[in-house]
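See structure below.
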Amino acid sequence: MEAVLYIGLSQAFFASFVIATKKPRCLPDKILASWLFLIGLEMTISLCLLKIAHFFIPFPTSMLLLLTYAPLLFLYVKSLIRENTLPDRKDWLHFLPFILFLAAYFLFLWGDPVFLVNNYFAHDASLPFRLAYSIYLFLSVIIYSVLVLFLISEHQKKLKDEFSYTSQTITLNWLKIVLFIFVITFLSFIITGTSFMFQATDLDPRWFSRIGLTLFAFAVSYFGIKQPTLFKSNCFPRVEKKSDQRQKNRYERSGLNEELAKNYSERLQHFMKEGKPYLNPELTIKDVSDHLNISRHYITQVLNETMKKNFYTFINEYRVEEVKKRLVDHQYDHLTFSAIAYECGFNSKSSFNFIFKKSTGMTPSEFKKKRMESRQ
């Protein structure tokens, strides 16, 4: 068990340092780094207490820190998919149960061996505390896990209104893997702990939490280090021009009538034809919004209601048209289809082939052959 703790705390502290020093400094990275630091701290305390006592934990700091993990997972995911330069004040309420349990211990149970591993249901002054803790830990893991799944699902539904491309870094499917490890770790800890209390098993429930949290630390640090922020406004420092803010506020206060929608549609299409922003493989609706000084929500509304399409489809239609022009232009004959696709803004061969065939009903080679034959 000691070896697992040494590995886990080393990985957690190292990953926390790496993520905390990433550039630019972003809110999701700050939350993730703090979370990994707490995991490392919890394992360090567990290791120290393992040297002192094997049958009880005299000071429940490490156990109480577990109450912060589910809220931190939720806040990390929330900060990834929503734009917030600073944490919302209401977010601190997620840690209120942890504070209340900590305060209750200091006020009423100071010095008592609260978490009795070998006699959890002992009729002592700490029994109500232990029962309340166990029930809340179980409920928090379930409730926050459901909330995280909801956030990921909500985010993935809106992707095509925000981004012109797809990738693992924006779909956030890796979070489902992390969430699975997180849930299995705590459910195994709770189920095994319950069995251990009723003497139905000899397995120490702390084994599951420590092995699981070690695997979790490796998984979340591996993906977290690679994960860029989805919104530049979530990074520090954020500089916003006053004129941009006034323009944003003006659009938010006004309604999008038919005349305004037509104006925005014309400006948007002119920008696509003249500026060719679709050549940027990582173009987002925010990039277009910032350039045109049009509210992102209005651009989405214009696309959805006036053009009957989302941002993803709108941008990739221009990319397909650009590819079609270059496929029949002899100056690009030395390039492969994939090379042309990348130059036109596509970020992967598979997405290009799928979108191109869906748009034209033909593969790039079939399209080129048909066009060349029609010219002869």
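Simple scheme: letters A, B, ... for chains in structure tokens order, numbers from 1 for residues in each chain, numbers from 1 for ligands in the order shown.
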*For A:Ala219, list every protein, DNA or RNA residue within 10 Å, evaluated using only C-alpha atoms, and leave out those in the same chain fewer than 6 positions away; present the list as a ChimeraX atom specification.*
/A:174-175,177-178,181,213
*Quick one: everything within 8 Å of A:Leu73, counting only C-alpha atoms, minus sequence neighbours fewer than 4 positions away in the same chain. Send it as a PyMOL selection string.*
chain A and resi 69+77+144+148
Could you pull the residues within 12 Å of A:Ser359, counting only C-alpha atoms, minus those fewer than 5 positions along the same chain, as a PDB file with N, CA and C atoms, in the first residue's frame?
ATOM      1  N   THR A 313     -21.459  23.642 -40.438  1.00  0.00           N
ATOM      2  CA  THR A 313     -21.851  23.398 -41.827  1.00  0.00           C
ATOM      3  C   THR A 313     -21.558  24.601 -42.703  1.00  0.00           C
ATOM      4  N   PHE A 314     -21.846  25.791 -42.195  1.00  0.00           N
ATOM      5  CA  PHE A 314     -21.641  27.028 -42.947  1.00  0.00           C
ATOM      6  C   PHE A 314     -20.180  27.182 -43.365  1.00  0.00           C
ATOM      7  N   ASN A 316     -17.740  24.846 -43.405  1.00  0.00           N
ATOM      8  CA  ASN A 316     -17.221  23.738 -44.209  1.00  0.00           C
ATOM      9  C   ASN A 316     -17.761  23.738 -45.632  1.00  0.00           C
ATOM     10  N   GLU A 317     -18.886  24.390 -45.859  1.00  0.00           N
ATOM     11  CA  GLU A 317     -19.357  24.558 -47.234  1.00  0.00           C
ATOM     12  C   GLU A 317     -18.385  25.426 -48.026  1.00  0.00           C
ATOM     13  N   TYR A 318     -17.874  26.480 -47.401  1.00  0.00           N
ATOM     14  CA  TYR A 318     -16.878  27.325 -48.066  1.00  0.00           C
ATOM     15  C   TYR A 318     -15.578  26.557 -48.291  1.00  0.00           C
ATOM     16  N   ARG A 319     -15.206  25.717 -47.344  1.00  0.00           N
ATOM     17  CA  ARG A 319     -13.993  24.916 -47.504  1.00  0.00           C
ATOM     18  C   ARG A 319     -14.138  23.949 -48.674  1.00  0.00           C
ATOM     19  N   VAL A 320     -15.305  23.329 -48.787  1.00  0.00           N
ATOM     20  CA  VAL A 320     -15.544  22.405 -49.897  1.00  0.00           C
ATOM     21  C   VAL A 320     -15.466  23.138 -51.231  1.00  0.00           C
ATOM     22  N   GLU A 321     -16.062  24.309 -51.307  1.00  0.00           N
ATOM     23  CA  GLU A 321     -16.018  25.092 -52.549  1.00  0.00           C
ATOM     24  C   GLU A 321     -14.586  25.459 -52.912  1.00  0.00           C
ATOM     25  N   VAL A 323     -11.902  23.743 -52.076  1.00  0.00           N
ATOM     26  CA  VAL A 323     -11.266  22.509 -52.531  1.00  0.00           C
ATOM     27  C   VAL A 323     -11.663  22.206 -53.969  1.00  0.00           C
ATOM     28  N   LYS A 324     -12.925  22.374 -54.301  1.00  0.00           N
ATOM     29  CA  LYS A 324     -13.416  22.096 -55.661  1.00  0.00           C
ATOM     30  C   LYS A 324     -12.708  22.972 -56.690  1.00  0.00           C
ATOM     31  N   PHE A 352     -12.513  15.531 -43.919  1.00  0.00           N
ATOM     32  CA  PHE A 352     -12.580  16.094 -45.278  1.00  0.00           C
ATOM     33  C   PHE A 352     -13.325  15.162 -46.220  1.00  0.00           C
ATOM     34  N   ASN A 353     -12.926  13.889 -46.227  1.00  0.00           N
ATOM     35  CA  ASN A 353     -13.576  12.926 -47.128  1.00  0.00           C
ATOM     36  C   ASN A 353     -15.071  12.808 -46.848  1.00  0.00           C
ATOM     37  N   PHE A 354     -15.427  12.794 -45.556  1.00  0.00           N
ATOM     38  CA  PHE A 354     -16.837  12.658 -45.181  1.00  0.00           C
ATOM     39  C   PHE A 354     -17.641  13.882 -45.618  1.00  0.00           C
ATOM     40  N   PRO A 364     -13.343  12.989 -53.821  1.00  0.00           N
ATOM     41  CA  PRO A 364     -12.535  14.005 -54.514  1.00  0.00           C
ATOM     42  C   PRO A 364     -12.020  13.529 -55.870  1.00  0.00           C
ATOM     43  N   PHE A 367     -14.880  13.490 -58.358  1.00  0.00           N
ATOM     44  CA  PHE A 367     -15.240  14.861 -58.718  1.00  0.00           C
ATOM     45  C   PHE A 367     -14.254  15.432 -59.729  1.00  0.00           C
TER      46      PHE A 367
END
